[in-house]
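Below is the file target-v8.pdb, which contains PDB, C-alpha atoms, pLDDT in the B column.
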```pdb
ATOM      1  CA  MET B  49     247.337  87.707  45.798  1.00 96.00           C
ATOM      2  CA  ILE B  50     243.554  87.394  45.797  1.00 98.00           C
ATOM      3  CA  LEU B  51     241.699  90.010  47.840  1.00 98.00           C
ATOM      4  CA  ASP B  52     237.937  89.897  48.314  1.00 98.00           C
ATOM      5  CA  ALA B  53     236.562  93.408  48.661  1.00 98.00           C
ATOM      6  CA  HIS B  54     233.060  92.555  49.860  1.00 98.00           C
ATOM      7  CA  GLY B  55     232.288  90.057  52.599  1.00 98.00           C
ATOM      8  CA  HIS B  56     230.138  89.698  55.679  1.00 98.00           C
ATOM      9  CA  ILE B  57     229.832  87.704  58.862  1.00 98.00           C
ATOM     10  CA  GLY B  58     226.774  87.179  61.022  1.00 97.00           C
ATOM     11  CA  ALA B  59     223.118  86.301  60.512  1.00 94.00           C
ATOM     12  CA  TRP B  60     220.478  88.128  58.479  1.00 93.00           C
ATOM     13  CA  PRO B  61     216.754  88.018  59.331  1.00 91.00           C
ATOM     14  CA  ASP B  62     215.344  87.555  55.827  1.00 90.00           C
ATOM     15  CA  PHE B  63     216.830  84.157  54.982  1.00 85.00           C
ATOM     16  CA  LEU B  64     219.054  81.370  56.241  1.00 90.00           C
ATOM     17  CA  ILE B  65     222.824  81.694  55.905  1.00 93.00           C
ATOM     18  CA  PRO B  66     224.184  78.150  56.388  1.00 92.00           C
ATOM     19  CA  ASP B  67     227.451  79.225  58.027  1.00 95.00           C
ATOM     20  CA  PRO B  68     227.683  82.889  59.035  1.00 96.00           C
ATOM     21  CA  SER B  69     230.858  82.434  61.086  1.00 97.00           C
ATOM     22  CA  ALA B  70     234.258  84.015  60.541  1.00 98.00           C
ATOM     23  CA  GLY B  71     235.878  80.611  60.976  1.00 98.00           C
ATOM     24  CA  GLY B  72     233.768  79.152  58.200  1.00 97.00           C
ATOM     25  CA  LEU B  73     234.770  81.975  55.872  1.00 98.00           C
ATOM     26  CA  VAL B  74     238.459  81.512  56.619  1.00 98.00           C
ATOM     27  CA  ALA B  75     238.228  77.773  55.962  1.00 98.00           C
ATOM     28  CA  MET B  76     236.697  78.410  52.530  1.00 98.00           C
ATOM     29  CA  MET B  77     239.174  81.211  51.809  1.00 98.00           C
ATOM     30  CA  ASP B  78     241.985  78.745  52.497  1.00 98.00           C
ATOM     31  CA  ARG B  79     240.496  76.233  50.068  1.00 98.00           C
ATOM     32  CA  LEU B  80     240.243  78.875  47.348  1.00 98.00           C
ATOM     33  CA  GLY B  81     243.511  80.703  47.935  1.00 98.00           C
ATOM     34  CA  ILE B  82     241.978  84.010  49.022  1.00 98.00           C
ATOM     35  CA  ALA B  83     244.496  85.934  51.092  1.00 98.00           C
ATOM     36  CA  ALA B  84     242.169  88.441  52.769  1.00 98.00           C
ATOM     37  CA  MET B  85     238.607  89.704  52.731  1.00 98.00           C
ATOM     38  CA  GLY B  86     236.991  92.967  53.744  1.00 98.00           C
ATOM     39  CA  ILE B  87     234.095  92.286  56.102  1.00 98.00           C
ATOM     40  CA  SER B  88     231.261  93.982  57.895  1.00 98.00           C
ATOM     41  CA  ASP B  89     229.039  92.256  60.421  1.00 98.00           C
ATOM     42  CA  LEU B  90     225.437  92.035  59.276  1.00 97.00           C
ATOM     43  CA  LEU B  91     224.203  93.161  62.679  1.00 97.00           C
ATOM     44  CA  GLY B  92     225.970  96.411  61.899  1.00 97.00           C
ATOM     45  CA  VAL B  93     224.397  96.700  58.467  1.00 97.00           C
ATOM     46  CA  GLY B  94     221.060  96.167  60.205  1.00 96.00           C
ATOM     47  CA  PRO B  95     219.976  97.529  63.575  1.00 95.00           C
ATOM     48  CA  ASP B  96     223.204  98.012  65.571  1.00 98.00           C
ATOM     49  CA  ALA B  97     226.254  99.416  63.811  1.00 98.00           C
ATOM     50  CA  VAL B  98     228.241  99.873  67.019  1.00 98.00           C
ATOM     51  CA  GLU B  99     227.904  96.256  68.143  1.00 98.00           C
ATOM     52  CA  GLY B 100     228.304  94.973  64.604  1.00 98.00           C
ATOM     53  CA  ASN B 101     231.545  96.885  64.193  1.00 98.00           C
ATOM     54  CA  ARG B 102     232.791  95.513  67.499  1.00 98.00           C
ATOM     55  CA  ARG B 103     232.090  91.991  66.284  1.00 98.00           C
ATOM     56  CA  ALA B 104     233.890  92.627  63.001  1.00 98.00           C
ATOM     57  CA  PHE B 105     237.004  93.865  64.808  1.00 98.00           C
ATOM     58  CA  GLU B 106     236.810  90.850  67.111  1.00 98.00           C
ATOM     59  CA  ALA B 107     236.728  88.489  64.111  1.00 98.00           C
ATOM     60  CA  ALA B 108     239.667  90.283  62.539  1.00 98.00           C
ATOM     61  CA  ALA B 109     241.660  89.924  65.758  1.00 97.00           C
ATOM     62  CA  GLU B 110     240.852  86.200  65.955  1.00 98.00           C
ATOM     63  CA  HIS B 111     242.101  85.666  62.375  1.00 98.00           C
ATOM     64  CA  PRO B 112     245.110  87.971  61.974  1.00 97.00           C
ATOM     65  CA  GLY B 113     245.770  89.118  58.450  1.00 96.00           C
ATOM     66  CA  ARG B 114     242.669  87.490  56.977  1.00 98.00           C
ATOM     67  CA  PHE B 115     240.047  90.179  57.471  1.00 98.00           C
ATOM     68  CA  GLY B 116     240.021  93.905  56.954  1.00 98.00           C
ATOM     69  CA  VAL B 117     237.105  95.722  58.580  1.00 98.00           C
ATOM     70  CA  TRP B 118     234.611  97.836  56.715  1.00 98.00           C
ATOM     71  CA  GLN B 119     233.097  99.802  59.582  1.00 98.00           C
ATOM     72  CA  VAL B 120     229.373 100.310  59.079  1.00 98.00           C
ATOM     73  CA  TYR B 121     228.136 103.869  59.391  1.00 98.00           C
ATOM     74  CA  ASN B 122     224.476 104.510  60.136  1.00 98.00           C
ATOM     75  CA  PRO B 123     223.804 108.130  59.139  1.00 98.00           C
ATOM     76  CA  HIS B 124     220.832 108.422  61.481  1.00 98.00           C
ATOM     77  CA  HIS B 125     222.890 107.368  64.502  1.00 97.00           C
ATOM     78  CA  ARG B 126     226.193 109.046  63.550  1.00 97.00           C
ATOM     79  CA  THR B 127     228.084 105.856  64.306  1.00 98.00           C
ATOM     80  CA  PRO B 128     231.551 106.465  65.785  1.00 97.00           C
ATOM     81  CA  LEU B 129     234.339 105.495  63.378  1.00 98.00           C
ATOM     82  CA  THR B 130     238.036 104.852  63.841  1.00 96.00           C
ATOM     83  CA  ASP B 131     241.145 104.561  61.696  1.00 96.00           C
ATOM     84  CA  ARG B 132     243.052 101.974  63.689  1.00 94.00           C
ATOM     85  CA  PRO B 133     245.077  99.060  62.279  1.00 94.00           C
ATOM     86  CA  GLY B 134     242.841  96.544  60.550  1.00 96.00           C
ATOM     87  CA  VAL B 135     240.435  99.128  59.125  1.00 98.00           C
ATOM     88  CA  TRP B 136     239.937  98.978  55.370  1.00 98.00           C
ATOM     89  CA  GLY B 137     237.388 101.762  55.356  1.00 98.00           C
ATOM     90  CA  VAL B 138     233.690 102.444  55.815  1.00 98.00           C
ATOM     91  CA  LYS B 139     230.670 100.422  54.688  1.00 98.00           C
ATOM     92  CA  LEU B 140     227.500 102.291  53.705  1.00 98.00           C
ATOM     93  CA  HIS B 141     224.150 100.712  52.925  1.00 98.00           C
ATOM     94  CA  PRO B 142     221.872 103.539  51.800  1.00 98.00           C
ATOM     95  CA  ASP B 143     218.966 101.187  51.029  1.00 98.00           C
ATOM     96  CA  VAL B 144     218.842  99.534  54.445  1.00 98.00           C
ATOM     97  CA  HIS B 145     219.268 102.877  56.194  1.00 98.00           C
ATOM     98  CA  GLN B 146     217.015 104.701  53.729  1.00 98.00           C
ATOM     99  CA  CYS B 147     219.367 107.601  53.243  1.00 98.00           C
ATOM    100  CA  ARG B 148     220.517 108.630  49.785  1.00 98.00           C
ATOM    101  CA  LEU B 149     224.221 108.150  49.169  1.00 98.00           C
ATOM    102  CA  ASP B 150     224.540 111.806  48.167  1.00 98.00           C
ATOM    103  CA  ASP B 151     222.726 113.029  51.293  1.00 98.00           C
ATOM    104  CA  PRO B 152     224.726 115.457  53.471  1.00 98.00           C
ATOM    105  CA  LEU B 153     224.234 113.063  56.397  1.00 98.00           C
ATOM    106  CA  TYR B 154     227.101 111.020  54.908  1.00 98.00           C
ATOM    107  CA  GLU B 155     229.493 113.976  54.730  1.00 98.00           C
ATOM    108  CA  PRO B 156     231.249 113.048  58.026  1.00 97.00           C
ATOM    109  CA  VAL B 157     232.267 109.766  56.372  1.00 98.00           C
ATOM    110  CA  PHE B 158     233.627 111.275  53.189  1.00 98.00           C
ATOM    111  CA  ALA B 159     235.456 113.952  55.166  1.00 97.00           C
ATOM    112  CA  LEU B 160     237.604 111.215  56.748  1.00 97.00           C
ATOM    113  CA  GLY B 161     239.111 110.314  53.379  1.00 97.00           C
ATOM    114  CA  LEU B 162     238.935 106.567  54.096  1.00 98.00           C
ATOM    115  CA  PRO B 163     237.999 104.119  51.345  1.00 98.00           C
ATOM    116  CA  VAL B 164     234.241 103.627  51.177  1.00 98.00           C
ATOM    117  CA  LEU B 165     232.331 100.535  50.058  1.00 99.00           C
ATOM    118  CA  ALA B 166     228.691 101.409  49.411  1.00 98.00           C
ATOM    119  CA  HIS B 167     225.776  99.293  48.272  1.00 98.00           C
ATOM    120  CA  GLY B 168     224.802 100.320  44.751  1.00 98.00           C
ATOM    121  CA  GLN B 169     221.465  99.528  43.124  1.00 98.00           C
ATOM    122  CA  THR B 170     220.272 100.780  39.769  1.00 98.00           C
ATOM    123  CA  ASP B 171     216.978 102.699  39.975  1.00 98.00           C
ATOM    124  CA  SER B 172     217.034 102.701  43.764  1.00 98.00           C
ATOM    125  CA  PRO B 173     216.054 106.069  45.252  1.00 98.00           C
ATOM    126  CA  TRP B 174     218.836 105.539  47.781  1.00 98.00           C
ATOM    127  CA  SER B 175     221.852 104.198  45.852  1.00 98.00           C
ATOM    128  CA  ASP B 176     221.496 104.577  42.093  1.00 98.00           C
ATOM    129  CA  PRO B 177     224.891 104.799  40.338  1.00 98.00           C
ATOM    130  CA  ALA B 178     224.187 108.432  39.467  1.00 98.00           C
ATOM    131  CA  GLN B 179     224.552 109.201  43.174  1.00 98.00           C
ATOM    132  CA  PHE B 180     228.054 107.677  43.131  1.00 98.00           C
ATOM    133  CA  ALA B 181     228.982 110.095  40.364  1.00 98.00           C
ATOM    134  CA  ALA B 182     227.582 112.992  42.397  1.00 98.00           C
ATOM    135  CA  VAL B 183     229.574 112.019  45.497  1.00 98.00           C
ATOM    136  CA  ALA B 184     232.741 111.474  43.463  1.00 98.00           C
ATOM    137  CA  ALA B 185     232.400 114.942  41.966  1.00 98.00           C
ATOM    138  CA  ARG B 186     232.324 116.415  45.476  1.00 98.00           C
ATOM    139  CA  HIS B 187     235.021 114.115  46.902  1.00 98.00           C
ATOM    140  CA  PRO B 188     237.373 113.033  44.114  1.00 98.00           C
ATOM    141  CA  GLU B 189     240.031 112.129  46.689  1.00 97.00           C
ATOM    142  CA  VAL B 190     237.894 109.414  48.338  1.00 98.00           C
ATOM    143  CA  PRO B 191     238.183 105.885  46.918  1.00 98.00           C
ATOM    144  CA  LEU B 192     234.568 104.797  46.413  1.00 98.00           C
ATOM    145  CA  LEU B 193     233.666 101.200  45.620  1.00 98.00           C
ATOM    146  CA  MET B 194     230.265 100.781  43.983  1.00 98.00           C
ATOM    147  CA  GLY B 195     228.977  97.554  45.505  1.00 98.00           C
ATOM    148  CA  HIS B 196     227.422  95.164  42.967  1.00 98.00           C
ATOM    149  CA  THR B 197     228.044  97.660  40.108  1.00 98.00           C
ATOM    150  CA  GLY B 198     224.391  98.644  40.497  1.00 97.00           C
ATOM    151  CA  LEU B 199     223.143  95.088  41.146  1.00 97.00           C
ATOM    152  CA  TRP B 200     220.891  94.644  38.088  1.00 98.00           C
ATOM    153  CA  PRO B 201     222.352  93.537  34.723  1.00 97.00           C
ATOM    154  CA  TYR B 202     220.304  96.072  32.733  1.00 98.00           C
ATOM    155  CA  GLY B 203     222.172  98.811  34.612  1.00 98.00           C
ATOM    156  CA  PHE B 204     225.771  97.545  34.516  1.00 98.00           C
ATOM    157  CA  ALA B 205     226.808  99.418  31.357  1.00 98.00           C
ATOM    158  CA  ARG B 206     225.047 102.589  32.536  1.00 98.00           C
ATOM    159  CA  ALA B 207     226.875 102.371  35.880  1.00 98.00           C
ATOM    160  CA  ALA B 208     230.211 102.214  34.062  1.00 98.00           C
ATOM    161  CA  ARG B 209     229.289 105.178  31.863  1.00 98.00           C
ATOM    162  CA  LEU B 210     228.079 107.317  34.767  1.00 98.00           C
ATOM    163  CA  VAL B 211     231.394 107.083  36.630  1.00 98.00           C
ATOM    164  CA  ALA B 212     233.680 107.080  33.590  1.00 97.00           C
ATOM    165  CA  ASP B 213     234.984 110.562  34.415  1.00 97.00           C
ATOM    166  CA  HIS B 214     235.456 109.794  38.120  1.00 98.00           C
ATOM    167  CA  PRO B 215     238.564 107.619  38.490  1.00 97.00           C
ATOM    168  CA  GLY B 216     238.117 107.320  42.243  1.00 98.00           C
ATOM    169  CA  VAL B 217     235.032 105.145  41.726  1.00 98.00           C
ATOM    170  CA  LEU B 218     235.671 101.431  41.275  1.00 98.00           C
ATOM    171  CA  LEU B 219     233.116  98.880  40.112  1.00 98.00           C
ATOM    172  CA  GLU B 220     232.833  96.031  42.612  1.00 98.00           C
ATOM    173  CA  VAL B 221     231.330  92.976  40.960  1.00 98.00           C
ATOM    174  CA  CYS B 222     229.678  90.743  43.565  1.00 98.00           C
ATOM    175  CA  GLY B 223     226.112  89.609  43.081  1.00 96.00           C
ATOM    176  CA  SER B 224     224.032  86.670  41.948  1.00 94.00           C
ATOM    177  CA  LYS B 225     223.115  88.369  38.663  1.00 96.00           C
ATOM    178  CA  ILE B 226     226.589  89.088  37.305  1.00 97.00           C
ATOM    179  CA  THR B 227     228.467  86.729  34.980  1.00 98.00           C
ATOM    180  CA  GLY B 228     232.021  86.256  33.804  1.00 98.00           C
ATOM    181  CA  ARG B 229     231.105  87.762  30.438  1.00 98.00           C
ATOM    182  CA  TRP B 230     229.709  90.841  32.146  1.00 98.00           C
ATOM    183  CA  ILE B 231     232.894  91.213  34.172  1.00 98.00           C
ATOM    184  CA  SER B 232     234.857  91.095  30.929  1.00 98.00           C
ATOM    185  CA  ARG B 233     232.545  93.715  29.388  1.00 98.00           C
ATOM    186  CA  LEU B 234     232.950  95.996  32.407  1.00 98.00           C
ATOM    187  CA  ALA B 235     236.719  95.715  32.124  1.00 98.00           C
ATOM    188  CA  ALA B 236     236.422  96.762  28.483  1.00 98.00           C
ATOM    189  CA  LEU B 237     234.002  99.607  29.241  1.00 97.00           C
ATOM    190  CA  ALA B 238     235.676 101.078  32.310  1.00 98.00           C
ATOM    191  CA  GLY B 239     239.205  99.673  32.126  1.00 98.00           C
ATOM    192  CA  ALA B 240     240.321  96.653  34.111  1.00 98.00           C
ATOM    193  CA  GLU B 241     241.990  99.009  36.596  1.00 98.00           C
ATOM    194  CA  ARG B 242     238.516 100.186  37.656  1.00 98.00           C
ATOM    195  CA  VAL B 243     236.997  96.742  38.383  1.00 98.00           C
ATOM    196  CA  VAL B 244     237.304  95.008  41.764  1.00 98.00           C
ATOM    197  CA  TYR B 245     236.456  91.451  42.795  1.00 98.00           C
ATOM    198  CA  GLY B 246     234.087  90.868  45.699  1.00 98.00           C
ATOM    199  CA  SER B 247     231.935  87.883  46.626  1.00 98.00           C
ATOM    200  CA  ASP B 248     229.269  89.067  49.104  1.00 98.00           C
ATOM    201  CA  ALA B 249     230.042  85.956  51.178  1.00 97.00           C
ATOM    202  CA  CYS B 250     228.536  84.790  53.514  1.00 94.00           C
ATOM    203  CA  PHE B 251     225.383  86.076  51.779  1.00 91.00           C
ATOM    204  CA  LEU B 252     226.446  84.358  48.557  1.00 95.00           C
ATOM    205  CA  ASP B 253     228.618  81.318  47.849  1.00 96.00           C
ATOM    206  CA  LEU B 254     232.266  82.312  47.931  1.00 97.00           C
ATOM    207  CA  ARG B 255     233.136  79.652  45.365  1.00 97.00           C
ATOM    208  CA  ALA B 256     230.743  81.005  42.761  1.00 97.00           C
ATOM    209  CA  GLY B 257     231.856  84.587  43.310  1.00 97.00           C
ATOM    210  CA  LEU B 258     235.509  83.787  42.771  1.00 98.00           C
ATOM    211  CA  GLY B 259     234.758  81.414  39.906  1.00 98.00           C
ATOM    212  CA  ARG B 260     233.071  84.138  37.874  1.00 98.00           C
ATOM    213  CA  VAL B 261     236.290  86.130  37.795  1.00 98.00           C
ATOM    214  CA  ALA B 262     238.647  83.163  37.593  1.00 98.00           C
ATOM    215  CA  LEU B 263     236.848  81.849  34.469  1.00 98.00           C
ATOM    216  CA  ALA B 264     235.885  85.175  32.888  1.00 98.00           C
ATOM    217  CA  PRO B 265     237.245  85.818  29.361  1.00 98.00           C
ATOM    218  CA  LEU B 266     239.957  88.233  30.503  1.00 98.00           C
ATOM    219  CA  ALA B 267     243.616  88.781  29.786  1.00 98.00           C
ATOM    220  CA  GLU B 268     245.608  87.384  32.702  1.00 98.00           C
ATOM    221  CA  THR B 269     247.035  90.816  33.501  1.00 98.00           C
ATOM    222  CA  ASP B 270     243.497  92.191  33.760  1.00 98.00           C
ATOM    223  CA  ARG B 271     242.349  89.240  35.857  1.00 98.00           C
ATOM    224  CA  ASP B 272     245.195  89.861  38.301  1.00 98.00           C
ATOM    225  CA  LEU B 273     244.171  93.505  38.645  1.00 98.00           C
ATOM    226  CA  ILE B 274     240.544  92.605  39.296  1.00 98.00           C
ATOM    227  CA  LEU B 275     241.315  89.791  41.736  1.00 98.00           C
ATOM    228  CA  GLY B 276     243.498  91.867  43.993  1.00 98.00           C
ATOM    229  CA  GLY B 277     245.806  94.351  42.323  1.00 98.00           C
ATOM    230  CA  ASN B 278     243.295  97.173  42.179  1.00 98.00           C
ATOM    231  CA  LEU B 279     242.138  96.757  45.769  1.00 98.00           C
ATOM    232  CA  ALA B 280     245.740  96.549  46.971  1.00 98.00           C
ATOM    233  CA  ARG B 281     246.411  99.853  45.210  1.00 98.00           C
ATOM    234  CA  VAL B 282     243.426 101.470  46.917  1.00 98.00           C
ATOM    235  CA  LEU B 283     244.249 100.117  50.372  1.00 98.00           C
ATOM    236  CA  GLY B 284     248.001 100.702  50.240  1.00 94.00           C
ATOM    237  CA  GLY B 285     249.488 100.335  53.708  1.00 91.00           C
ATOM    238  CA  ARG B 286     246.170  99.160  55.158  1.00 93.00           C
ATOM    239  CA  LEU B 287     247.076  95.679  53.966  1.00 88.00           C
ATOM    240  CA  ALA B 288     250.231  95.590  56.083  1.00 65.00           C
TER     241      ALA B 288
END
```
Would you mind writing the file out in structure tokens?
Amino acid sequence: MILDAHGHIGAWPDFLIPDPSAGGLVAMMDRLGIAAMGISDLLGVGPDAVEGNRRAFEAAAEHPGRFGVWQVYNPHHRTPLTDRPGVWGVKLHPDVHQCRLDDPLYEPVFALGLPVLAHGQTDSPWSDPAQFAAVAARHPEVPLLMGHTGLWPYGFARAARLVADHPGVLLEVCGSKITGRWISRLAALAGAERVVYGSDACFLDLRAGLGRVALAPLAETDRDLILGGNLARVLGGRLA
């Protein structure tokens, strides 16, 4: 079963997204054999987390079983969160919200114990991988997905090293800069059980994101873990 950890719906102001609709994502997921995707609405990542979260839940209800919702939390607005059916966890974007991942303003999120998918960006003052290690040290019980594995190729290996002693942190591999060979190297560095497939669709082409993992030089058992086994383990009954 292929599970995509990192997806979005909705428009973004900085560039054109050809098809930002939930229906368009589902159609492409069907073509590629992707069972389910975790989504946040880009309105929520941007100026209105409450309305964006409402839209994400609406999309999940319109396409039963295909979307799990990453609820966006804006630390400056203390966005209300829920743990109802369909929730996969909480989405944090420290760079957009300009709040360091290890800032106490995020403590209400980590206190919930839900899985967290957070944007990660090497050398960012807001989301450098070192901050993931700091949060994991404080909250080892919280599954924490490092979005993009730090984003920039020069930081991938460092990201893996920084969280090596924090098994609750998983390296999520979406991004236009990552390659199949890098995914294979991350599996070797961190263990395949610590690497999770995501696409960043509809930002990025879903076909390319899946293809990087499908064609990466990996053992088939490791590929299966990365494409869905690891995320299924983290989500447990949330997939039901």
Exercise for review: Would you list the residues near (236.1, 98.3, 55.8), meaning any protein, DNA or RNA residue with an atom at most 9 Å from that point in file coordinates, counting only C-alpha atoms, as a PyMOL selection string?
Suggested key: chain B and resi 53-54+86-88+116-120+134-139+162-165
Output C-alpha atoms of each residue in that selection to a file, as a PDB file, in the coordinates of the input.
```
ATOM      1  CA  ALA B  53     236.562  93.408  48.661  1.00 98.00           C
ATOM      2  CA  HIS B  54     233.060  92.555  49.860  1.00 98.00           C
ATOM      3  CA  GLY B  86     236.991  92.967  53.744  1.00 98.00           C
ATOM      4  CA  ILE B  87     234.095  92.286  56.102  1.00 98.00           C
ATOM      5  CA  SER B  88     231.261  93.982  57.895  1.00 98.00           C
ATOM      6  CA  GLY B 116     240.021  93.905  56.954  1.00 98.00           C
ATOM      7  CA  VAL B 117     237.105  95.722  58.580  1.00 98.00           C
ATOM      8  CA  TRP B 118     234.611  97.836  56.715  1.00 98.00           C
ATOM      9  CA  GLN B 119     233.097  99.802  59.582  1.00 98.00           C
ATOM     10  CA  VAL B 120     229.373 100.310  59.079  1.00 98.00           C
ATOM     11  CA  GLY B 134     242.841  96.544  60.550  1.00 96.00           C
ATOM     12  CA  VAL B 135     240.435  99.128  59.125  1.00 98.00           C
ATOM     13  CA  TRP B 136     239.937  98.978  55.370  1.00 98.00           C
ATOM     14  CA  GLY B 137     237.388 101.762  55.356  1.00 98.00           C
ATOM     15  CA  VAL B 138     233.690 102.444  55.815  1.00 98.00           C
ATOM     16  CA  LYS B 139     230.670 100.422  54.688  1.00 98.00           C
ATOM     17  CA  LEU B 162     238.935 106.567  54.096  1.00 98.00           C
ATOM     18  CA  PRO B 163     237.999 104.119  51.345  1.00 98.00           C
ATOM     19  CA  VAL B 164     234.241 103.627  51.177  1.00 98.00           C
ATOM     20  CA  LEU B 165     232.331 100.535  50.058  1.00 99.00           C
TER      21      LEU B 165
END
```
Exercise for review: Run the PyMOL selection byres ((chain B and resi 95) around 12) mentally over the shown coordinates, then write out the matched residues as JSON, numbers by chain, using the chain letters and numbers from the document.
Suggested key: {"B": [60, 61, 89, 90, 91, 92, 93, 94, 96, 97, 98, 99, 100, 101, 120, 121, 122, 124, 125, 127, 141, 144, 145]}
Exercise for review: Quick one: pull the distance between atom CA of Ala178 of chain B and atom CA of Ala207 of chain B, Å, one decimal.
Suggested key: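 Computing the Euclidean distance for atom CA of Ala178 of chain B and atom CA of Ala207 of chain B yields 7.5 Å.
Using only C-alpha atoms, the residues found no farther than 6 Å from segment 170-177 of chain B, other than those of its own chain fewer than 2 positions away, are B:Pro142, B:Asp143, B:Cys147, B:Arg148, B:Leu149, B:Gly168, B:Gln179, B:Phe180, B:Gly198, B:Gly203, B:Ala207.
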Practice item. Return as a list in words the set of residues that the PyMOL selection byres ((chain B and resi 188) around 10) yields on the displayed structure. Key: Phe158, Gly161, Ala181, Ala182, Val183, Ala184, Ala185, Arg186, His187, Glu189, Val190, Pro191, Leu192, His214, Pro215, Gly216 and Val217 of chain B
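Closest approach to Ser247 of chain B among B:Arg229, B:Arg102, B:His196, B:Arg281: B:His196, based on only C-alpha atoms.
Counting only C-alpha atoms, the residue from B:Gly113, B:Leu199, B:Pro123, B:Pro133 that sits nearest to Tyr154 of chain B is B:Pro123.
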